[in-house]
$ cat coords-v5.pdb   # PDB, C-alpha atoms, pLDDT in the B column
ATOM      1  CA  MET A  25     -73.484 -64.247 125.754  1.00 38.00           C
ATOM      2  CA  MET A  26     -70.856 -63.016 128.231  1.00 35.00           C
ATOM      3  CA  THR A  27     -68.202 -63.544 125.534  1.00 41.00           C
ATOM      4  CA  LEU A  28     -70.185 -61.401 123.101  1.00 40.00           C
ATOM      5  CA  LEU A  29     -70.547 -58.671 125.721  1.00 35.00           C
ATOM      6  CA  LEU A  30     -66.844 -58.712 126.567  1.00 36.00           C
ATOM      7  CA  PHE A  31     -65.802 -58.533 122.924  1.00 44.00           C
ATOM      8  CA  SER A  32     -68.283 -55.750 122.223  1.00 41.00           C
ATOM      9  CA  LEU A  33     -66.670 -53.711 124.970  1.00 37.00           C
ATOM     10  CA  LEU A  34     -63.183 -54.360 123.614  1.00 42.00           C
ATOM     11  CA  ALA A  35     -63.790 -54.128 119.859  1.00 46.00           C
ATOM     12  CA  ARG A  36     -64.076 -50.793 118.105  1.00 46.00           C
ATOM     13  CA  ALA A  37     -65.289 -50.129 114.569  1.00 43.00           C
ATOM     14  CA  ASP A  38     -61.953 -48.598 113.584  1.00 51.00           C
ATOM     15  CA  ASP A  39     -60.171 -51.836 114.608  1.00 59.00           C
ATOM     16  CA  ILE A  40     -61.639 -53.924 111.825  1.00 79.00           C
ATOM     17  CA  LEU A  41     -61.120 -54.203 108.111  1.00 88.00           C
ATOM     18  CA  CYS A  42     -63.501 -56.102 105.865  1.00 93.00           C
ATOM     19  CA  GLU A  43     -61.156 -59.073 106.019  1.00 91.00           C
ATOM     20  CA  ASN A  44     -57.874 -60.227 107.464  1.00 91.00           C
ATOM     21  CA  ALA A  45     -56.136 -63.152 105.774  1.00 93.00           C
ATOM     22  CA  PRO A  46     -54.710 -65.934 107.966  1.00 94.00           C
ATOM     23  CA  THR A  47     -51.787 -64.771 110.086  1.00 92.00           C
ATOM     24  CA  ALA A  48     -49.636 -66.405 112.753  1.00 93.00           C
ATOM     25  CA  LEU A  49     -47.620 -64.618 115.413  1.00 92.00           C
ATOM     26  CA  ILE A  50     -45.473 -65.782 118.306  1.00 93.00           C
ATOM     27  CA  VAL A  51     -47.044 -64.137 121.357  1.00 92.00           C
ATOM     28  CA  GLU A  52     -44.744 -65.693 123.955  1.00 91.00           C
ATOM     29  CA  GLU A  53     -41.432 -67.559 123.918  1.00 93.00           C
ATOM     30  CA  ILE A  54     -40.448 -69.917 126.731  1.00 91.00           C
ATOM     31  CA  HIS A  55     -36.784 -70.830 127.190  1.00 89.00           C
ATOM     32  CA  PRO A  56     -35.222 -73.025 129.889  1.00 86.00           C
ATOM     33  CA  PRO A  57     -32.385 -71.696 132.052  1.00 81.00           C
ATOM     34  CA  ARG A  58     -29.013 -72.197 130.385  1.00 73.00           C
ATOM     35  CA  ALA A  59     -27.454 -75.620 130.965  1.00 62.00           C
ATOM     36  CA  ALA A  60     -30.745 -76.942 132.388  1.00 59.00           C
ATOM     37  CA  THR A  61     -30.606 -79.834 129.944  1.00 67.00           C
ATOM     38  CA  SER A  62     -28.091 -81.484 127.620  1.00 78.00           C
ATOM     39  CA  ASN A  63     -30.761 -81.480 124.883  1.00 83.00           C
ATOM     40  CA  PRO A  64     -30.245 -78.198 122.971  1.00 88.00           C
ATOM     41  CA  CYS A  65     -33.960 -78.161 122.098  1.00 91.00           C
ATOM     42  CA  GLY A  66     -35.455 -79.293 125.408  1.00 88.00           C
ATOM     43  CA  GLY A  67     -37.699 -76.831 127.194  1.00 90.00           C
ATOM     44  CA  HIS A  68     -37.904 -74.366 124.309  1.00 94.00           C
ATOM     45  CA  GLU A  69     -41.565 -73.655 123.563  1.00 96.00           C
ATOM     46  CA  ALA A  70     -43.745 -70.905 122.165  1.00 96.00           C
ATOM     47  CA  LYS A  71     -47.343 -69.775 122.078  1.00 95.00           C
ATOM     48  CA  ILE A  72     -48.324 -69.047 118.500  1.00 94.00           C
ATOM     49  CA  GLN A  73     -51.621 -67.310 117.900  1.00 93.00           C
ATOM     50  CA  GLY A  74     -53.120 -67.636 114.477  1.00 93.00           C
ATOM     51  CA  SER A  75     -56.250 -65.870 113.348  1.00 92.00           C
ATOM     52  CA  ALA A  76     -58.258 -64.806 110.326  1.00 94.00           C
ATOM     53  CA  TYR A  77     -61.603 -63.134 109.784  1.00 94.00           C
ATOM     54  CA  GLU A  78     -63.941 -61.749 107.179  1.00 95.00           C
ATOM     55  CA  CYS A  79     -67.067 -59.660 107.134  1.00 95.00           C
ATOM     56  CA  GLY A  80     -69.005 -61.476 104.461  1.00 95.00           C
ATOM     57  CA  SER A  81     -72.034 -63.516 103.545  1.00 95.00           C
ATOM     58  CA  ALA A  82     -73.882 -65.448 106.246  1.00 94.00           C
ATOM     59  CA  ASN A  83     -74.095 -68.356 103.795  1.00 95.00           C
ATOM     60  CA  ASP A  84     -70.283 -68.652 103.671  1.00 94.00           C
ATOM     61  CA  VAL A  85     -69.456 -68.562 107.399  1.00 96.00           C
ATOM     62  CA  TYR A  86     -68.845 -72.291 107.930  1.00 95.00           C
ATOM     63  CA  LEU A  87     -66.730 -72.822 104.802  1.00 95.00           C
ATOM     64  CA  LYS A  88     -64.791 -69.609 105.379  1.00 95.00           C
ATOM     65  CA  THR A  89     -64.046 -70.616 108.963  1.00 96.00           C
ATOM     66  CA  MET A  90     -62.766 -74.053 107.917  1.00 96.00           C
ATOM     67  CA  GLY A  91     -60.625 -72.449 105.214  1.00 96.00           C
ATOM     68  CA  PHE A  92     -59.224 -70.015 107.758  1.00 96.00           C
ATOM     69  CA  TYR A  93     -58.341 -72.912 110.075  1.00 96.00           C
ATOM     70  CA  LYS A  94     -56.329 -74.703 107.379  1.00 97.00           C
ATOM     71  CA  GLY A  95     -54.459 -71.523 106.438  1.00 97.00           C
ATOM     72  CA  ILE A  96     -53.730 -70.586 110.047  1.00 96.00           C
ATOM     73  CA  VAL A  97     -52.393 -74.053 110.899  1.00 97.00           C
ATOM     74  CA  GLU A  98     -50.047 -74.045 107.889  1.00 97.00           C
ATOM     75  CA  LEU A  99     -48.651 -70.626 108.821  1.00 97.00           C
ATOM     76  CA  ALA A 100     -48.318 -71.568 112.496  1.00 97.00           C
ATOM     77  CA  LYS A 101     -46.475 -74.800 111.604  1.00 97.00           C
ATOM     78  CA  GLN A 102     -43.975 -72.804 109.556  1.00 97.00           C
ATOM     79  CA  LYS A 103     -43.606 -70.236 112.341  1.00 97.00           C
ATOM     80  CA  CYS A 104     -43.003 -73.068 114.851  1.00 97.00           C
ATOM     81  CA  GLU A 105     -40.424 -74.739 112.579  1.00 97.00           C
ATOM     82  CA  ASN A 106     -38.536 -71.456 112.149  1.00 97.00           C
ATOM     83  CA  PHE A 107     -38.667 -70.674 115.878  1.00 97.00           C
ATOM     84  CA  CYS A 108     -37.148 -74.039 116.796  1.00 97.00           C
ATOM     85  CA  ARG A 109     -34.586 -74.046 113.977  1.00 96.00           C
ATOM     86  CA  ASP A 110     -33.426 -70.601 115.150  1.00 96.00           C
ATOM     87  CA  ILE A 111     -32.755 -72.112 118.594  1.00 93.00           C
ATOM     88  CA  ASN A 112     -30.464 -74.735 117.077  1.00 93.00           C
ATOM     89  CA  PRO A 113     -30.299 -76.364 113.631  1.00 93.00           C
ATOM     90  CA  VAL A 114     -30.884 -79.787 115.245  1.00 94.00           C
ATOM     91  CA  CYS A 115     -34.267 -78.622 116.593  1.00 95.00           C
ATOM     92  CA  LYS A 116     -37.571 -79.374 114.912  1.00 96.00           C
ATOM     93  CA  GLY A 117     -40.844 -77.657 115.733  1.00 96.00           C
ATOM     94  CA  ARG A 118     -43.916 -79.670 116.700  1.00 96.00           C
ATOM     95  CA  LEU A 119     -47.154 -77.670 116.587  1.00 97.00           C
ATOM     96  CA  GLN A 120     -49.988 -78.915 118.784  1.00 95.00           C
ATOM     97  CA  VAL A 121     -53.281 -77.493 117.595  1.00 89.00           C
ATOM     98  CA  PRO A 122     -56.916 -78.207 118.352  1.00 89.00           C
ATOM     99  CA  SER A 123     -58.793 -80.230 115.725  1.00 93.00           C
ATOM    100  CA  THR A 124     -60.866 -77.137 114.911  1.00 94.00           C
ATOM    101  CA  CYS A 125     -60.641 -73.427 115.673  1.00 94.00           C
ATOM    102  CA  ALA A 126     -60.165 -72.777 119.395  1.00 92.00           C
ATOM    103  CA  PHE A 127     -62.590 -69.924 118.878  1.00 92.00           C
ATOM    104  CA  SER A 128     -64.973 -69.298 116.013  1.00 94.00           C
ATOM    105  CA  ILE A 129     -68.382 -67.787 115.482  1.00 93.00           C
ATOM    106  CA  PRO A 130     -71.346 -70.129 114.975  1.00 94.00           C
ATOM    107  CA  SER A 131     -73.107 -69.496 111.673  1.00 93.00           C
ATOM    108  CA  THR A 132     -76.301 -68.678 113.588  1.00 95.00           C
ATOM    109  CA  LYS A 133     -74.539 -65.805 115.406  1.00 95.00           C
ATOM    110  CA  ALA A 134     -72.388 -64.441 112.564  1.00 96.00           C
ATOM    111  CA  ILE A 135     -74.756 -61.632 111.551  1.00 95.00           C
ATOM    112  CA  GLU A 136     -75.314 -60.521 115.161  1.00 95.00           C
ATOM    113  CA  VAL A 137     -71.580 -60.567 115.940  1.00 94.00           C
ATOM    114  CA  GLY A 138     -70.769 -58.707 112.724  1.00 94.00           C
ATOM    115  CA  ALA A 139     -73.337 -55.987 113.449  1.00 92.00           C
ATOM    116  CA  LYS A 140     -73.286 -55.608 117.234  1.00 91.00           C
ATOM    117  CA  VAL A 141     -69.939 -56.920 118.452  1.00 90.00           C
ATOM    118  CA  VAL A 142     -67.143 -56.285 115.978  1.00 90.00           C
ATOM    119  CA  HIS A 143     -69.062 -53.737 113.914  1.00 91.00           C
ATOM    120  CA  CYS A 144     -68.288 -54.908 110.385  1.00 93.00           C
ATOM    121  CA  PRO A 145     -67.979 -51.781 108.254  1.00 92.00           C
ATOM    122  CA  LYS A 146     -71.011 -51.031 106.075  1.00 90.00           C
ATOM    123  CA  HIS A 147     -68.795 -50.730 102.992  1.00 92.00           C
ATOM    124  CA  CYS A 148     -67.772 -54.434 103.090  1.00 92.00           C
ATOM    125  CA  GLN A 149     -69.041 -55.642  99.732  1.00 90.00           C
ATOM    126  CA  LYS A 150     -69.306 -59.315 100.739  1.00 92.00           C
ATOM    127  CA  GLY A 151     -71.610 -58.569 103.695  1.00 93.00           C
ATOM    128  CA  GLN A 152     -71.591 -58.008 107.445  1.00 93.00           C
ATOM    129  CA  ALA A 153     -71.696 -61.581 108.804  1.00 96.00           C
ATOM    130  CA  PHE A 154     -68.504 -62.201 110.788  1.00 95.00           C
ATOM    131  CA  SER A 155     -66.471 -65.345 110.062  1.00 95.00           C
ATOM    132  CA  TYR A 156     -63.567 -65.871 112.474  1.00 94.00           C
ATOM    133  CA  CYS A 157     -61.069 -68.532 113.513  1.00 95.00           C
ATOM    134  CA  SER A 158     -58.173 -68.532 115.980  1.00 93.00           C
ATOM    135  CA  LEU A 159     -55.788 -71.079 117.513  1.00 93.00           C
ATOM    136  CA  TYR A 160     -56.207 -69.654 121.023  1.00 91.00           C
ATOM    137  CA  HIS A 161     -59.387 -68.244 122.496  1.00 86.00           C
ATOM    138  CA  ALA A 162     -58.386 -64.634 123.104  1.00 78.00           C
ATOM    139  CA  HIS A 163     -59.614 -61.206 122.025  1.00 68.00           C
ATOM    140  CA  TYR A 164     -60.423 -60.943 118.310  1.00 64.00           C
ATOM    141  CA  PHE A 165     -57.986 -58.189 117.417  1.00 62.00           C
ATOM    142  CA  SER A 166     -55.302 -58.297 120.099  1.00 64.00           C
ATOM    143  CA  LYS A 167     -52.052 -60.191 120.412  1.00 68.00           C
ATOM    144  CA  ASP A 168     -51.550 -58.902 123.974  1.00 72.00           C
ATOM    145  CA  PRO A 169     -49.420 -61.530 125.811  1.00 73.00           C
ATOM    146  CA  ASP A 170     -51.511 -61.039 128.981  1.00 78.00           C
ATOM    147  CA  LEU A 171     -54.461 -62.662 127.172  1.00 80.00           C
ATOM    148  CA  PHE A 172     -52.409 -65.858 126.799  1.00 83.00           C
ATOM    149  CA  LYS A 173     -51.256 -66.236 130.406  1.00 84.00           C
ATOM    150  CA  GLY A 174     -52.109 -69.651 131.783  1.00 86.00           C
ATOM    151  CA  LYS A 175     -52.552 -71.142 128.313  1.00 90.00           C
ATOM    152  CA  ALA A 176     -50.286 -74.032 127.308  1.00 92.00           C
ATOM    153  CA  PRO A 177     -47.655 -73.476 124.606  1.00 95.00           C
ATOM    154  CA  ASN A 178     -48.603 -74.965 121.247  1.00 96.00           C
ATOM    155  CA  CYS A 179     -45.106 -75.039 119.711  1.00 97.00           C
ATOM    156  CA  ILE A 180     -42.670 -77.537 121.221  1.00 96.00           C
ATOM    157  CA  CYS A 181     -39.047 -77.874 120.112  1.00 96.00           C
ATOM    158  CA  ASP A 182     -37.691 -81.412 119.805  1.00 94.00           C
ATOM    159  CA  GLN A 183     -34.233 -82.597 118.826  1.00 91.00           C
ATOM    160  CA  VAL A 184     -34.062 -84.247 115.424  1.00 85.00           C
ATOM    161  CA  GLU A 185     -32.630 -87.718 115.761  1.00 76.00           C
ATOM    162  CA  PRO A 186     -29.498 -88.082 113.653  1.00 67.00           C
ATOM    163  CA  VAL A 187     -29.810 -90.468 110.749  1.00 59.00           C
ATOM    164  CA  LEU A 188     -27.135 -93.119 111.046  1.00 60.00           C
ATOM    165  CA  PRO A 189     -25.751 -94.701 107.885  1.00 62.00           C
ATOM    166  CA  GLU A 190     -27.006 -98.216 107.267  1.00 67.00           C
ATOM    167  CA  LYS A 191     -24.487-101.016 107.613  1.00 65.00           C
ATOM    168  CA  ASN A 192     -24.128-103.378 104.703  1.00 64.00           C
ATOM    169  CA  VAL A 193     -24.534-107.083 105.393  1.00 63.00           C
ATOM    170  CA  GLY A 194     -21.198-108.549 106.330  1.00 60.00           C
ATOM    171  CA  GLU A 195     -19.752-105.313 107.751  1.00 57.00           C
ATOM    172  CA  GLY A 196     -18.445-105.547 111.283  1.00 52.00           C
TER     173      GLY A 196
END
$ encode --input "coords-v5.pdb" --output "C-alpha coordinates"
Amino acid sequence: MMTLLLFSLLARADDILCENAPTALIVEEIHPPRAATSNPCGGHEAKIQGSAYECGSANDVYLKTMGFYKGIVELAKQKCENFCRDINPVCKGRLQVPSTCAFSIPSTKAIEVGAKVVHCPKHCQKGQAFSYCSLYHAHYFSKDPDLFKGKAPNCICDQVEPVLPEKNVGEG
(Lines of atoms letter the chains of each structure in order from A and count residues from 1; the text may use other names and numbers.)
(Lines give C-alpha, C1' and ligand atoms only; values in the text may rest on other atoms or scores of the structure.)
Protein backbone atom coordinates (compact mmCIF):
# COMPACT_ATOMS: atom_id res chain seq x y z
CA MET A 1 0.00 0.00 0.00
CA MET A 2 2.96 2.32 0.62
CA THR A 3 3.90 1.96 -3.06
CA LEU A 4 0.40 3.01 -4.10
CA LEU A 5 0.56 6.02 -1.78
CA LEU A 6 3.97 7.09 -3.07
CA PHE A 7 2.91 6.80 -6.70
CA SER A 8 -0.32 8.67 -6.04
CA LEU A 9 1.70 11.55 -4.66
CA LEU A 10 4.02 11.55 -7.67
CA ALA A 11 1.57 10.88 -10.50
CA ARG A 12 -0.61 13.62 -11.92
CA ALA A 13 -3.58 13.25 -14.26
CA ASP A 14 -1.89 15.35 -16.94
CA ASP A 15 1.09 12.94 -16.94
CA ILE A 16 -0.82 10.04 -18.42
CA LEU A 17 -2.19 9.17 -21.82
CA CYS A 18 -4.63 6.33 -22.36
CA GLU A 19 -1.72 4.14 -23.41
CA ASN A 20 2.01 4.16 -23.94
CA ALA A 21 3.49 1.50 -26.21
CA PRO A 22 6.63 -0.34 -25.05
CA THR A 23 9.67 1.92 -24.89
CA ALA A 24 13.26 1.44 -23.76
CA LEU A 25 15.65 4.17 -22.67
CA ILE A 26 19.20 4.18 -21.36
CA VAL A 27 18.96 5.94 -17.99
CA GLU A 28 22.61 5.56 -17.01
CA GLU A 29 25.84 4.63 -18.77
CA ILE A 30 28.80 3.20 -16.87
CA HIS A 31 32.27 3.35 -18.44
CA PRO A 32 35.58 2.20 -16.95
CA PRO A 33 38.52 4.60 -16.70
CA ARG A 34 40.55 4.66 -19.91
CA ALA A 35 43.19 1.92 -20.16
CA ALA A 36 41.69 0.12 -17.15
CA THR A 37 41.49 -3.07 -19.19
CA SER A 38 42.86 -4.45 -22.45
CA ASN A 39 39.34 -5.66 -23.31
CA PRO A 40 37.74 -2.80 -25.30
CA CYS A 41 34.31 -3.88 -24.02
CA GLY A 42 35.14 -4.68 -20.40
CA GLY A 43 33.45 -2.56 -17.76
CA HIS A 44 31.05 -0.85 -20.15
CA GLU A 45 27.50 -1.25 -18.82
CA ALA A 46 24.17 0.53 -18.90
CA LYS A 47 20.88 0.67 -17.06
CA ILE A 48 18.06 0.40 -19.56
CA GLN A 49 14.55 1.10 -18.33
CA GLY A 50 11.73 -0.27 -20.39
CA SER A 51 8.09 0.39 -19.70
CA ALA A 52 4.61 0.29 -21.19
CA TYR A 53 1.12 0.92 -19.88
CA GLU A 54 -2.51 1.13 -20.85
CA CYS A 55 -5.71 2.31 -19.26
CA GLY A 56 -8.03 -0.43 -20.41
CA SER A 57 -10.27 -3.31 -19.48
CA ALA A 58 -9.78 -5.08 -16.15
CA ASN A 59 -10.25 -8.37 -18.01
CA ASP A 60 -7.16 -7.71 -20.16
CA VAL A 61 -4.65 -6.68 -17.48
CA TYR A 62 -2.70 -9.95 -17.25
CA LEU A 63 -2.41 -10.53 -21.01
CA LYS A 64 -1.59 -6.89 -21.67
CA THR A 65 1.14 -6.95 -19.03
CA MET A 66 2.73 -10.08 -20.50
CA GLY A 67 2.58 -8.55 -23.97
CA PHE A 68 4.20 -5.39 -22.67
CA TYR A 69 7.01 -7.45 -21.11
CA LYS A 70 7.83 -9.17 -24.41
CA GLY A 71 7.84 -5.87 -26.31
CA ILE A 72 9.95 -4.09 -23.69
CA VAL A 73 12.56 -6.87 -23.60
CA GLU A 74 12.92 -6.85 -27.40
CA LEU A 75 13.42 -3.08 -27.47
CA ALA A 76 15.84 -3.16 -24.53
CA LYS A 77 17.90 -5.93 -26.18
CA GLN A 78 18.24 -3.81 -29.31
CA LYS A 79 19.11 -0.74 -27.25
CA CYS A 80 21.77 -2.77 -25.38
CA GLU A 81 23.23 -4.15 -28.63
CA ASN A 82 23.47 -0.65 -30.12
CA PHE A 83 25.00 0.80 -26.93
CA CYS A 84 27.76 -1.83 -26.88
CA ARG A 85 28.39 -1.74 -30.64
CA ASP A 86 28.81 2.05 -30.38
CA ILE A 87 31.57 1.47 -27.80
CA ASN A 88 33.48 -0.74 -30.24
CA PRO A 89 32.40 -2.91 -33.17
CA VAL A 90 33.84 -5.99 -31.40
CA CYS A 91 31.43 -5.48 -28.47
CA LYS A 92 28.17 -7.36 -28.08
CA GLY A 93 25.41 -6.40 -25.67
CA ARG A 94 24.08 -8.89 -23.13
CA LEU A 95 20.79 -7.84 -21.54
CA GLN A 96 20.02 -9.31 -18.12
CA VAL A 97 16.32 -9.03 -17.38
CA PRO A 98 14.02 -10.48 -14.76
CA SER A 99 11.83 -13.39 -15.89
CA THR A 100 8.77 -11.14 -15.55
CA CYS A 101 8.15 -7.42 -15.14
CA ALA A 102 10.20 -5.95 -12.29
CA PHE A 103 7.08 -3.97 -11.50
CA SER A 104 3.53 -4.54 -12.64
CA ILE A 105 0.04 -4.08 -11.29
CA PRO A 106 -1.84 -7.15 -10.04
CA SER A 107 -5.12 -7.65 -11.88
CA THR A 108 -6.98 -7.31 -8.57
CA LYS A 109 -5.57 -3.78 -8.08
CA ALA A 110 -5.71 -2.50 -11.68
CA ILE A 111 -9.02 -0.64 -11.33
CA GLU A 112 -8.00 0.98 -8.03
CA VAL A 113 -4.60 2.04 -9.39
CA GLY A 114 -6.16 3.37 -12.59
CA ALA A 115 -8.73 5.44 -10.67
CA LYS A 116 -6.90 6.56 -7.53
CA VAL A 117 -3.18 6.40 -8.28
CA VAL A 118 -2.39 7.22 -11.89
CA HIS A 119 -5.78 8.74 -12.66
CA CYS A 120 -6.57 7.14 -16.01
CA PRO A 121 -8.39 9.76 -18.06
CA LYS A 122 -12.17 9.27 -18.28
CA HIS A 123 -12.04 9.51 -22.08
CA CYS A 124 -9.99 6.28 -22.44
CA GLN A 125 -12.31 4.15 -24.54
CA LYS A 126 -10.84 0.81 -23.44
CA GLY A 127 -11.44 1.51 -19.73
CA GLN A 128 -9.71 2.79 -16.60
CA ALA A 129 -7.97 -0.36 -15.30
CA PHE A 130 -4.21 0.25 -15.34
CA SER A 131 -1.94 -2.35 -16.95
CA TYR A 132 1.78 -1.64 -16.48
CA CYS A 133 5.15 -3.32 -16.87
CA SER A 134 8.72 -2.10 -16.37
CA LEU A 135 12.22 -3.61 -16.29
CA TYR A 136 13.20 -1.67 -13.16
CA HIS A 137 10.94 -0.85 -10.24
CA ALA A 138 10.90 2.94 -10.38
CA HIS A 139 8.27 5.66 -10.73
CA TYR A 140 5.67 4.97 -13.42
CA PHE A 141 6.29 8.03 -15.57
CA SER A 142 9.83 9.13 -14.76
CA LYS A 143 13.20 8.22 -16.20
CA ASP A 144 14.99 10.27 -13.52
CA PRO A 145 18.46 8.68 -13.04
CA ASP A 146 18.23 9.24 -9.26
CA LEU A 147 15.47 6.60 -9.14
CA PHE A 148 17.95 4.02 -10.47
CA LYS A 149 20.81 4.67 -8.05
CA GLY A 150 21.91 1.49 -6.32
CA LYS A 151 20.29 -0.72 -8.96
CA ALA A 152 22.52 -3.08 -10.94
CA PRO A 153 23.09 -2.42 -14.65
CA ASN A 154 21.11 -4.73 -16.92
CA CYS A 155 23.16 -4.22 -20.10
CA ILE A 156 26.68 -5.67 -20.07
CA CYS A 157 29.13 -5.29 -22.95
CA ASP A 158 31.20 -8.35 -23.84
CA GLN A 159 33.85 -8.79 -26.49
CA VAL A 160 32.80 -10.98 -29.40
CA GLU A 161 35.23 -13.84 -29.78
CA PRO A 162 36.80 -13.81 -33.24
CA VAL A 163 35.84 -16.72 -35.44
CA LEU A 164 38.99 -18.49 -36.56
CA PRO A 165 39.01 -20.26 -39.91
CA GLU A 166 38.81 -24.03 -39.65
CA LYS A 167 41.90 -25.97 -40.64
CA ASN A 168 41.48 -28.69 -43.21
CA VAL A 169 42.68 -32.17 -42.29
CA GLY A 170 46.30 -32.53 -43.27
CA GLU A 171 47.14 -28.82 -42.95
CA GLY A 172 50.05 -28.01 -40.68
$ resolve_selection --input "coords-v5.pdb" --expression "the PyMOL selection byres ((chain A and resi 46) around 12)" --output "number ranges by chain"
A: 43-45, 47-49, 73-78, 88-100, 155-159
$ resolve_selection --input "coords-v5.pdb" --expression "the PyMOL selection byres ((chain A and resi 169-182) around 7)" --output "list of chain:residue names"
A:Val51, A:Glu52, A:Cys65, A:Gly66, A:His68, A:Glu69, A:Ala70, A:Lys71, A:Ile72, A:Cys104, A:Cys108, A:Cys115, A:Lys116, A:Gly117, A:Arg118, A:Leu119, A:Gln120, A:Val121, A:Ala162, A:Lys167, A:Asp168, A:Gln183, A:Val184
$ residues_around --input "coords-v5.pdb" --residues "Gly151 of chain A" --least-positions-apart "2" --cutoff "12 Å" --atoms "all atoms listed in the file" --output "PyMOL selection string"
chain A and resi 42-43+78-85+134-135+138-139+143-149+153-155
$ closest_residue --input "coords-v5.pdb" --among "A:Leu87, A:Leu41, A:Ile111, A:Val141" --to "Ile54 of chain A" --atoms "only C-alpha atoms"
A:Ile111
$ atom_distance --input "coords-v5.pdb" --atom1 "atom CA of Tyr86 of chain A" --atom2 "atom CA of Thr124 of chain A"
11.7 Å
$ atom_distance --input "coords-v5.pdb" --atom1 "atom CA of His161 of chain A" --atom2 "atom CA of Ser128 of chain A"
8.6 Å
$ atom_distance --input "coords-v5.pdb" --atom1 "atom CA of Lys101 of chain A" --atom2 "atom CA of Val142 of chain A"
28.1 Å
